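**Q** Hey, dropping start_19.csv in here, CSV, C-alpha atoms and all ligand atoms:
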chain,number,residue,atom,x,y,z
A,1,MET,CA,94.2,97.4,127.4
A,2,ARG,CA,97.3,96.8,125.2
A,3,ILE,CA,96.1,98.2,121.9
A,4,ALA,CA,98.6,100.2,119.7
A,5,ASN,CA,97.3,103.4,118.1
A,6,HIS,CA,98.9,102.6,114.8
A,7,VAL,CA,101.1,99.9,113.2
A,8,VAL,CA,103.9,102.5,113.2
A,9,ASP,CA,103.9,102.3,117.0
A,10,LEU,CA,104.8,98.6,116.8
A,11,VAL,CA,108.2,99.2,115.2
A,12,GLY,CA,111.2,97.8,117.1
A,13,ASN,CA,111.6,95.7,120.2
A,14,THR,CA,112.2,92.6,118.0
A,15,PRO,CA,113.3,89.4,119.8
A,16,LEU,CA,116.6,87.5,120.0
A,17,VAL,CA,116.5,83.8,119.3
A,18,LYS,CA,119.3,81.3,119.7
A,19,LEU,CA,120.5,79.5,116.5
A,20,ASN,CA,120.9,75.7,117.2
A,21,LYS,CA,121.3,73.3,114.3
A,22,VAL,CA,123.4,75.4,112.0
A,23,VAL,CA,126.0,76.2,114.7
A,24,GLN,CA,129.2,74.0,115.0
A,25,PRO,CA,129.8,72.3,118.3
A,26,GLY,CA,132.2,74.2,120.6
A,27,SER,CA,131.2,77.5,119.1
A,28,GLY,CA,130.0,80.5,121.1
A,29,LEU,CA,126.3,81.3,121.5
A,30,VAL,CA,124.8,82.8,118.3
A,31,ALA,CA,121.6,84.8,118.8
A,32,ALA,CA,119.6,86.1,115.8
A,33,LYS,CA,117.8,89.5,116.1
A,34,VAL,CA,114.6,88.8,114.1
A,35,GLU,CA,113.8,92.0,112.3
A,36,TYR,CA,111.1,90.6,110.0
A,37,LEU,CA,108.9,90.8,113.1
A,38,ASN,CA,108.7,94.5,112.6
A,39,PRO,CA,105.2,95.5,111.2
A,40,GLY,CA,106.6,96.3,107.7
A,41,GLY,CA,108.7,93.1,107.8
A,42,SER,CA,112.2,94.5,108.0
A,43,SER,CA,114.8,96.5,110.0
A,44,LYS,CA,114.1,99.5,107.7
A,45,ASP,CA,110.8,100.3,109.5
A,46,ARG,CA,113.1,101.7,112.2
A,47,ILE,CA,114.8,104.3,110.0
A,48,ALA,CA,111.6,105.5,108.2
A,49,THR,CA,109.9,107.2,111.2
A,50,ARG,CA,113.0,109.0,112.2
A,51,MET,CA,113.8,110.3,108.7
A,52,ILE,CA,110.3,111.5,108.2
A,53,ASP,CA,110.1,113.2,111.6
A,54,ALA,CA,113.3,115.0,110.9
A,55,ALA,CA,112.1,116.2,107.5
A,56,GLU,CA,108.8,117.5,108.9
A,57,ALA,CA,110.7,119.3,111.6
A,58,SER,CA,113.1,120.9,109.1
A,59,GLY,CA,110.3,121.8,106.7
A,60,GLU,CA,111.7,119.7,103.8
A,61,LEU,CA,108.6,117.6,103.8
A,62,LYS,CA,105.3,119.5,103.9
A,63,PRO,CA,101.7,118.3,104.1
A,64,GLY,CA,100.6,116.6,100.9
A,65,GLY,CA,104.2,116.1,99.8
A,66,THR,CA,105.7,113.1,97.9
A,67,ILE,CA,108.4,110.8,99.2
A,68,VAL,CA,110.9,109.7,96.4
A,69,GLU,CA,113.5,107.1,97.3
A,70,PRO,CA,115.7,104.5,95.6
A,71,THR,CA,115.0,101.4,97.6
A,72,SER,CA,115.3,97.7,97.3
A,73,GLY,CA,111.9,97.3,98.8
A,74,ASN,CA,112.3,97.3,102.5
A,75,THR,CA,112.9,101.0,103.1
A,76,GLY,CA,110.0,101.6,100.8
A,77,VAL,CA,107.6,99.6,103.0
A,78,GLY,CA,108.8,101.4,106.1
A,79,LEU,CA,108.3,104.8,104.5
A,80,ALA,CA,104.9,103.7,103.0
A,81,LEU,CA,103.6,102.8,106.5
A,82,VAL,CA,104.5,106.2,107.9
A,83,ALA,CA,103.3,108.0,104.7
A,84,GLN,CA,99.9,106.3,105.0
A,85,GLN,CA,99.6,107.4,108.6
A,86,ARG,CA,100.5,111.0,107.7
A,87,GLY,CA,99.0,111.4,104.2
A,88,TYR,CA,102.1,111.6,101.9
A,89,LYS,CA,102.4,110.0,98.5
A,90,CYS,CA,105.3,107.6,97.7
A,91,VAL,CA,107.3,107.0,94.5
A,92,PHE,CA,110.0,104.3,94.8
A,93,VAL,CA,112.8,103.5,92.4
A,94,CYS,CA,114.1,99.8,92.4
A,95,PRO,CA,116.9,98.1,90.5
A,96,ASP,CA,115.5,95.3,88.2
A,97,LYS,CA,117.3,92.6,90.2
A,98,VAL,CA,114.7,93.1,93.0
A,99,ALA,CA,112.1,90.4,92.9
A,100,GLU,CA,108.8,91.2,91.4
A,101,ASP,CA,107.1,90.0,94.6
A,102,LYS,CA,108.9,92.7,96.5
A,103,ARG,CA,107.8,95.4,94.1
A,104,ASN,CA,104.2,94.2,94.3
A,105,VAL,CA,104.4,94.6,98.1
A,106,LEU,CA,105.2,98.3,97.6
A,107,ARG,CA,102.3,98.7,95.2
A,108,ALA,CA,100.0,97.0,97.7
A,109,TYR,CA,100.9,99.6,100.3
A,110,GLY,CA,99.8,102.3,97.7
A,111,ALA,CA,103.2,103.4,96.4
A,112,GLU,CA,104.2,103.9,92.7
A,113,VAL,CA,107.3,101.8,91.6
A,114,VAL,CA,109.8,102.8,88.9
A,115,VAL,CA,112.2,100.0,87.8
A,116,CYS,CA,115.8,100.7,86.6
A,117,PRO,CA,118.6,98.4,85.2
A,118,THR,CA,121.0,96.9,87.8
A,119,ALA,CA,123.9,96.5,85.4
A,120,VAL,CA,124.8,100.2,84.9
A,121,PRO,CA,127.3,102.3,86.8
A,122,PRO,CA,126.0,104.8,89.4
A,123,GLU,CA,126.8,107.8,87.2
A,124,HIS,CA,124.7,106.4,84.3
A,125,PRO,CA,121.5,108.5,83.7
A,126,ASP,CA,119.4,105.3,84.1
A,127,SER,CA,121.0,104.2,87.4
A,128,TYR,CA,118.5,104.1,90.2
A,129,TYR,CA,120.3,106.9,92.0
A,130,ASN,CA,120.0,109.3,89.1
A,131,VAL,CA,116.4,108.4,88.2
A,132,SER,CA,115.4,109.1,91.8
A,133,ASP,CA,117.3,112.5,91.7
A,134,ARG,CA,115.5,113.4,88.5
A,135,LEU,CA,112.0,112.5,89.9
A,136,THR,CA,112.8,114.5,93.1
A,137,ARG,CA,113.5,117.6,90.9
A,138,ASP,CA,110.5,117.1,88.6
A,139,ILE,CA,107.7,116.3,91.2
A,140,PRO,CA,106.4,119.3,93.0
A,141,GLY,CA,106.6,118.9,96.8
A,142,ALA,CA,109.0,115.9,96.5
A,143,TRP,CA,111.4,115.0,99.2
A,144,LYS,CA,114.1,112.3,99.0
A,145,PRO,CA,115.0,110.8,102.4
A,146,ASN,CA,118.3,109.5,100.9
A,147,GLN,CA,118.9,106.6,103.2
A,148,TYR,CA,122.5,106.4,101.9
A,149,ALA,CA,123.4,109.8,103.4
A,150,ASN,CA,120.6,110.6,106.0
A,151,PRO,CA,122.1,110.7,109.5
A,152,ASN,CA,118.7,109.7,111.0
A,153,GLY,CA,119.2,106.2,109.6
A,154,PRO,CA,122.2,105.3,111.7
A,155,LEU,CA,120.8,107.4,114.6
A,156,SER,CA,117.6,105.3,114.6
A,157,HIS,CA,119.7,102.2,115.1
A,158,TYR,CA,121.9,104.0,117.7
A,159,GLU,CA,118.7,104.8,119.7
A,160,THR,CA,116.7,101.5,119.3
A,161,THR,CA,118.6,98.5,117.9
A,162,GLY,CA,121.7,98.9,120.0
A,163,PRO,CA,120.0,99.5,123.3
A,164,GLU,CA,117.6,96.5,122.7
A,165,ILE,CA,120.5,94.2,122.1
A,166,TRP,CA,122.4,95.4,125.2
A,167,ARG,CA,119.2,95.0,127.3
A,168,ASP,CA,118.2,91.6,125.9
A,169,THR,CA,121.7,90.1,126.4
A,170,ASP,CA,122.0,91.7,129.9
A,171,GLY,CA,125.2,93.4,128.6
A,172,THR,CA,126.9,90.0,127.8
A,173,VAL,CA,127.1,90.5,124.0
A,174,THR,CA,130.7,90.1,122.8
A,175,HIS,CA,130.2,90.4,119.0
A,176,PHE,CA,127.7,92.2,116.8
A,177,VAL,CA,127.4,91.0,113.2
A,178,ALA,CA,125.4,92.7,110.4
A,179,GLY,CA,125.3,93.0,106.7
A,180,VAL,CA,126.3,96.3,105.2
A,181,GLY,CA,124.1,98.1,102.6
A,182,THR,CA,123.7,101.8,103.3
A,183,GLY,CA,125.8,101.0,106.4
A,184,GLY,CA,123.2,102.5,108.8
A,185,THR,CA,122.6,99.4,110.8
A,186,ILE,CA,126.3,98.6,111.5
A,187,THR,CA,127.2,102.2,112.1
A,188,GLY,CA,124.4,103.1,114.5
A,189,THR,CA,124.1,99.8,116.4
A,190,GLY,CA,127.8,99.1,116.4
A,191,ARG,CA,128.6,102.6,117.7
A,192,TYR,CA,126.1,102.3,120.6
A,193,LEU,CA,127.4,98.8,121.6
A,194,LYS,CA,131.0,100.0,121.5
A,195,GLU,CA,130.2,103.1,123.6
A,196,ILE,CA,128.2,101.3,126.2
A,197,SER,CA,130.7,98.5,126.6
A,198,ASP,CA,133.8,100.8,126.6
A,199,GLY,CA,135.0,99.1,123.3
A,200,ARG,CA,134.6,95.5,124.5
A,201,VAL,CA,132.0,94.6,121.9
A,202,LYS,CA,133.5,93.8,118.6
A,203,VAL,CA,131.6,94.8,115.4
A,204,VAL,CA,131.7,92.7,112.3
A,205,GLY,CA,130.4,94.0,109.0
A,206,VAL,CA,129.4,91.5,106.2
A,207,ASP,CA,129.1,92.1,102.5
A,208,PRO,CA,128.8,90.1,99.3
A,209,GLU,CA,132.0,89.2,97.5
A,210,GLY,CA,132.6,91.9,95.0
A,211,SER,CA,131.2,94.8,97.1
A,212,VAL,CA,133.5,97.8,98.0
A,213,TYR,CA,133.4,97.3,101.8
A,214,SER,CA,135.5,94.2,101.7
A,215,GLY,CA,137.8,95.7,99.0
A,216,GLY,CA,135.9,94.6,95.9
A,217,SER,CA,135.4,96.6,92.7
A,218,GLY,CA,131.6,96.8,92.9
A,219,ARG,CA,131.1,93.9,90.5
A,220,PRO,CA,127.5,92.5,90.5
A,221,TYR,CA,126.3,90.0,93.1
A,222,LEU,CA,122.8,88.6,93.6
A,223,VAL,CA,122.2,89.0,97.3
A,224,GLU,CA,119.8,91.9,97.7
A,225,GLY,CA,120.0,94.9,100.0
A,226,VAL,CA,123.6,94.7,100.9
A,227,GLY,CA,127.0,95.6,99.4
A,228,GLU,CA,127.6,98.7,97.4
A,229,ASP,CA,129.6,100.0,94.4
A,230,PHE,CA,130.3,103.3,96.3
A,231,TRP,CA,130.9,104.5,99.9
A,232,PRO,CA,127.7,105.9,101.4
A,233,ASP,CA,127.8,108.7,104.0
A,234,ALA,CA,125.6,106.6,106.3
A,235,TYR,CA,128.5,104.2,106.7
A,236,ASP,CA,131.3,105.1,109.2
A,237,PRO,CA,134.2,102.8,108.3
A,238,THR,CA,135.8,103.3,111.8
A,239,VAL,CA,132.9,101.4,113.5
A,240,PRO,CA,133.5,97.8,112.2
A,241,ASP,CA,136.5,96.0,113.6
A,242,GLU,CA,136.5,93.7,110.6
A,243,ILE,CA,134.6,93.1,107.3
A,244,VAL,CA,133.8,89.5,106.1
A,245,ALA,CA,132.9,88.8,102.5
A,246,VAL,CA,130.5,86.0,101.7
A,247,SER,CA,129.7,84.5,98.3
A,248,ASP,CA,126.2,84.4,96.8
A,249,ALA,CA,126.3,80.6,96.8
A,250,ASP,CA,127.1,80.4,100.6
A,251,SER,CA,124.6,83.1,101.4
A,252,PHE,CA,121.8,81.4,99.6
A,253,GLU,CA,122.6,77.9,100.9
A,254,MET,CA,122.5,79.2,104.5
A,255,THR,CA,119.3,81.1,103.9
A,256,ARG,CA,117.7,77.8,102.8
A,257,ARG,CA,119.1,76.1,105.9
A,258,LEU,CA,117.7,78.8,108.2
A,259,ALA,CA,114.2,78.1,106.9
A,260,ARG,CA,114.6,74.3,107.0
A,261,GLU,CA,116.6,73.8,110.2
A,262,GLU,CA,115.9,76.8,112.4
A,263,GLY,CA,112.3,77.7,111.3
A,264,LEU,CA,113.4,81.1,110.2
A,265,LEU,CA,112.1,82.0,106.7
A,266,VAL,CA,114.4,85.0,106.0
A,267,GLY,CA,116.0,86.9,103.1
A,268,GLY,CA,119.4,86.3,101.4
A,269,SER,CA,121.2,89.0,103.3
A,270,CYS,CA,120.3,87.1,106.5
A,271,GLY,CA,121.9,83.9,105.3
A,272,MET,CA,125.0,86.0,104.3
A,273,ALA,CA,125.2,87.5,107.8
A,274,VAL,CA,124.7,84.2,109.5
A,275,VAL,CA,127.6,82.6,107.5
A,276,ALA,CA,129.9,85.3,108.9
A,277,ALA,CA,128.4,85.0,112.5
A,278,LEU,CA,129.0,81.3,112.5
A,279,ARG,CA,132.7,81.8,111.4
A,280,ILE,CA,133.2,84.3,114.3
A,281,ALA,CA,131.4,82.1,116.9
A,282,GLU,CA,133.6,79.1,115.9
A,283,ARG,CA,136.8,81.2,115.9
A,284,GLU,CA,136.1,82.9,119.2
A,285,GLY,CA,134.9,79.7,121.0
A,286,SER,CA,132.4,79.0,123.7
A,287,ASP,CA,132.7,82.3,125.7
A,288,ALA,CA,131.5,84.4,122.8
A,289,VAL,CA,128.0,85.8,122.6
A,290,VAL,CA,127.5,86.7,119.0
A,291,VAL,CA,124.4,88.7,118.0
A,292,VAL,CA,123.6,88.6,114.3
A,293,LEU,CA,120.9,90.9,112.8
A,294,LEU,CA,118.5,89.3,110.3
A,295,PRO,CA,117.1,92.3,108.3
A,296,ASP,CA,114.0,90.8,106.6
A,297,GLY,CA,111.8,87.8,105.9
A,298,GLY,CA,111.9,85.2,103.1
A,299,ARG,CA,108.5,85.7,101.5
A,300,GLY,CA,109.8,88.2,99.0
A,301,TYR,CA,112.3,85.6,97.7
A,302,LEU,CA,110.1,82.5,97.1
A,303,SER,CA,110.7,82.7,93.3
A,304,LYS,CA,114.4,83.0,93.7
A,305,ILE,CA,116.3,81.6,96.7
A,306,PHE,CA,113.5,79.2,97.6
A,307,ASN,CA,113.1,78.1,94.0
A,308,ASP,CA,115.3,75.2,92.9
A,309,ASP,CA,115.2,76.1,89.2
A,310,TRP,CA,116.4,79.7,89.9
A,311,MET,CA,119.1,78.3,92.2
A,312,SER,CA,120.3,75.8,89.5
A,313,SER,CA,120.3,78.4,86.8
A,314,TYR,CA,123.1,80.2,88.6
A,315,GLY,CA,124.9,76.9,89.7
A,316,PHE,CA,124.0,77.5,93.4
A,317,LEU,CA,121.8,74.5,94.0
A,318,ARG,CA,123.5,72.1,96.5
A,319,THR,CA,120.5,70.5,98.2
A,320,PRO,CA,117.0,70.6,96.5
A,321,LEU,CA,114.1,71.7,98.7
A,322,ASP,CA,112.7,68.2,98.8
A,323,GLY,CA,116.2,66.8,99.7
A,324,VAL,CA,116.0,64.5,96.6
A,325,ALA,CA,118.1,65.0,93.4
A,326,ARG,CA,115.8,66.4,90.7
A,327,THR,CA,114.8,64.4,87.5
A,328,GLU,CA,113.4,66.1,84.5
A,329,SER,CA,109.6,66.0,84.5
A,330,THR,CA,107.6,66.0,81.2
A,401,LIG,N1,119.5,93.4,104.1
A,401,LIG,C1,118.4,93.9,103.4
A,401,LIG,C2,117.5,92.9,102.8
A,401,LIG,C3,118.3,95.3,103.3
A,401,LIG,O1,117.2,95.8,102.6
A,401,LIG,C4,119.2,96.2,103.8
A,401,LIG,C5,119.1,97.6,103.6
A,401,LIG,N2,119.6,98.1,102.3
A,401,LIG,C6,120.3,95.6,104.5
A,401,LIG,C7,120.4,94.3,104.7
A,401,LIG,C8,121.5,96.5,105.1
A,401,LIG,O2,121.2,97.4,106.0
A,401,LIG,P1,121.9,98.8,106.0
A,401,LIG,O3,121.4,99.6,104.9
A,401,LIG,O4,121.5,99.5,107.3
A,401,LIG,O5,123.3,98.7,105.9
Could you take the file, read its structure, and then write that structure out as structure tokens?
Ligand code: PMP

**A**
Amino acid sequence: MRIANHVVDLVGNTPLVKLNKVVQPGSGLVAAKVEYLNPGGSSKDRIATRMIDAAEASGELKPGGTIVEPTSGNTGVGLALVAQQRGYKCVFVCPDKVAEDKRNVLRAYGAEVVVCPTAVPPEHPDSYYNVSDRLTRDIPGAWKPNQYANPNGPLSHYETTGPEIWRDTDGTVTHFVAGVGTGGTITGTGRYLKEISDGRVKVVGVDPEGSVYSGGSGRPYLVEGVGEDFWPDAYDPTVPDEIVAVSDADSFEMTRRLAREEGLLVGGSCGMAVVAALRIAEREGSDAVVVVLLPDGGRGYLSKIFNDDWMSSYGFLRTPLDGVARTEST
């Protein structure tokens, strides 16, 4: 019988699927690694088990303990799955730009959610980094995985995501493209693919215009889960061969096209990564095999990216969802 013992055992081994309609003729092959098919719905399921295993082994997390983490939602879901399995409590701290739908998902899994303002610097007492530090100090038995610095984040991608891509492309991958948030995905996966290919695979990091990785000042952007206003330890800047910056408008437009033209209902950081992957595939030509990682699904963004009114309120709307220019209804 093929019956998993627990949903946690179903993390990883996500498929690659070719992108078709959004790819320019003459470009290389573009294959998307569909991480929303993880049981918690994102690539962050991968890092959760490894971080918790390591904390149990080191004694930092004890039976009955509480996991406290600043998370845009996806890491929270991954941690909540493992916490349920092993009897831990979860308190997650989110910036207020994270969609209400995503916060409700965390609550549904049994976590407590604390919301903090996005528009304050990291050193501000109300920043989500500082609030989570305070909670970790105040709650007895609390442990903070700290995905921004925890080496088990990049390691989980080194041990799973990288080998899966190598295996599923029969070693033909030429470029790996991924958005950079904590930097764990690009660092772990990129390092593995470079090592196994003796440096042949080129690694391309993608971030929102304004974020520090592409030389920005950390000014706000609306794509969730990627870009930073500081340099996390989980990110090794020697791994990417280049960093591509993509605007919010282009990221969201591509996210909508992926749902409509490729049947992939995914999040905004996926649209962002695909914009960069398509540029690389066009530049490198038909011999390239470009793998782009799509971190999460689109259901958490229905009231934003897939809502024409929200898109117009920021001046992002190019094509309404019904394909017809909108008239005011009474
Ligand atoms: N996209 C989304 C939606 C995310 O939640 C994250 C994680 N913060 C990323 C991309 C980036 O992944 P990483 O943290 O491994 O750089």

**Q** Given the choices A:Lys97, A:Arg299, A:Arg167, A:Lys89, which gets closest to Lys144 of chain A if the distance is worked out from all atoms listed in the file?

**A**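 Answer, going by the shortest atom-to-atom distance: A:Lys89.
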
**Q** Which residues form the shell of 6 Å around ligand LIG 401 (chain A) when you count all atoms listed in the file, given as a PyMOL selection string?

**A** chain A and resi 72+74+179-185+224-226+269+295-296

**Q** Tell me which of A:Asp309, A:Glu159, A:Asp287, A:Glu282 sits closest to Pro25 of chain A, counting only C-alpha atoms.

**A** A:Glu282

**Q** My list of candidates is A:Gly12, A:Pro121, A:Gly76, A:Gly267. Which is closest to Ile165 of chain A when distances are computed with all atoms listed in the file?

**A** A:Gly12

**Q** For a cut-off of 8 Å around (107.0, 99.8, 105.1), file coordinates, pick out all residues using all atoms listed in the file and list them as a PyMOL selection string.

**A** chain A and resi 39-42+44-45+48+74-82+106+109

**Q** May I have a table of the residues of segment 114-172 of chain A lying at most 6 Å from segment 63-69 of chain A, giving each one's closest pair of atoms and their distance in Å to one decimal, counting all atoms listed in the file, ordered by chain and ascending residue number, as a Markdown table?

**A**
| residue | atom | partner | partner_atom | distance |
| --- | --- | --- | --- | --- |
| A:Gly141 | CA | A:Gly65 | CA | 4.8 |
| A:Ala142 | CA | A:Thr66 | CA | 4.5 |
| A:Trp143 | CA | A:Ile67 | CA | 5.2 |
| A:Lys144 | CA | A:Val68 | CA | 4.9 |

**Q** Taking 4 positions as the minimum chain separation for residues in the same chain, which residues sit within 12 Å of Gly216 of chain A when counting all atoms listed in the file? Answer as a PDB file with C-alpha atoms, keeping the file's coordinate frame.

**A**
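Output (part_18.pdb):
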ATOM      1  CA  ASP A 207     129.100  92.100 102.500  1.00  0.00           C
ATOM      2  CA  PRO A 208     128.800  90.100  99.300  1.00  0.00           C
ATOM      3  CA  GLU A 209     132.000  89.200  97.500  1.00  0.00           C
ATOM      4  CA  GLY A 210     132.600  91.900  95.000  1.00  0.00           C
ATOM      5  CA  SER A 211     131.200  94.800  97.100  1.00  0.00           C
ATOM      6  CA  VAL A 212     133.500  97.800  98.000  1.00  0.00           C
ATOM      7  CA  PRO A 220     127.500  92.500  90.500  1.00  0.00           C
ATOM      8  CA  TYR A 221     126.300  90.000  93.100  1.00  0.00           C
ATOM      9  CA  GLY A 227     127.000  95.600  99.400  1.00  0.00           C
ATOM     10  CA  GLU A 228     127.600  98.700  97.400  1.00  0.00           C
ATOM     11  CA  ASP A 229     129.600 100.000  94.400  1.00  0.00           C
ATOM     12  CA  PHE A 230     130.300 103.300  96.300  1.00  0.00           C
ATOM     13  CA  TRP A 231     130.900 104.500  99.900  1.00  0.00           C
ATOM     14  CA  ILE A 243     134.600  93.100 107.300  1.00  0.00           C
ATOM     15  CA  VAL A 244     133.800  89.500 106.100  1.00  0.00           C
ATOM     16  CA  ALA A 245     132.900  88.800 102.500  1.00  0.00           C
ATOM     17  CA  VAL A 246     130.500  86.000 101.700  1.00  0.00           C
TER      18      VAL A 246
END

**Q** Please measure the separation of atom CA of Pro240 of chain A and atom CA of Val93 of chain A, giving the value in Å to one decimal.

**A** 29.2 Å

**Q** Counting only C-alpha atoms, which residue out of A:Glu253, A:Asp248, A:Asp96, A:Asp236 sits closest to Val223 of chain A?

**A**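 Closest to Val223 of chain A of all the choices is A:Asp248.
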
**Q** For a quick check of understanding, using all atoms listed in the file, which of A:Glu123, A:Asp133, A:Glu164, A:Asp9 has the smallest distance to Tyr192 of chain A?

**A** A:Glu164

**Q** Would you compute the distance between atom CA of Arg260 of chain A and atom CA of Val11 of chain A? Give it in Å to one decimal.

**A** 27.0 Å

**Q** Could you give me, as a compact mmCIF listing (two decimals) with C-alpha atoms, keeping the file's coordinate frame, the residues within 7 Å of Ala149 of chain A, counting all atoms listed in the file and dropping anything in the same chain fewer than 4 positions from it?

**A**
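Dumped everything to part07.txt:
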# COMPACT_ATOMS: atom_id res chain seq x y z
CA PRO A 232 127.70 105.90 101.40
CA ASP A 233 127.80 108.70 104.00
CA ALA A 234 125.60 106.60 106.30

**Q** Report, in Å to a single decimal, how far apart atom CA of Leu265 of chain A and atom CA of Gly298 of chain A are.

**A**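 So the answer is 4.8 Å.
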
**Q** Mind listing whatever residues come within 10 Å of the point (120.0, 115.5, 104.7)? Use all atoms listed in the file, file coordinates, and give them as a ChimeraX atom specification.

**A** /A:51,54-55,58,60,144-152
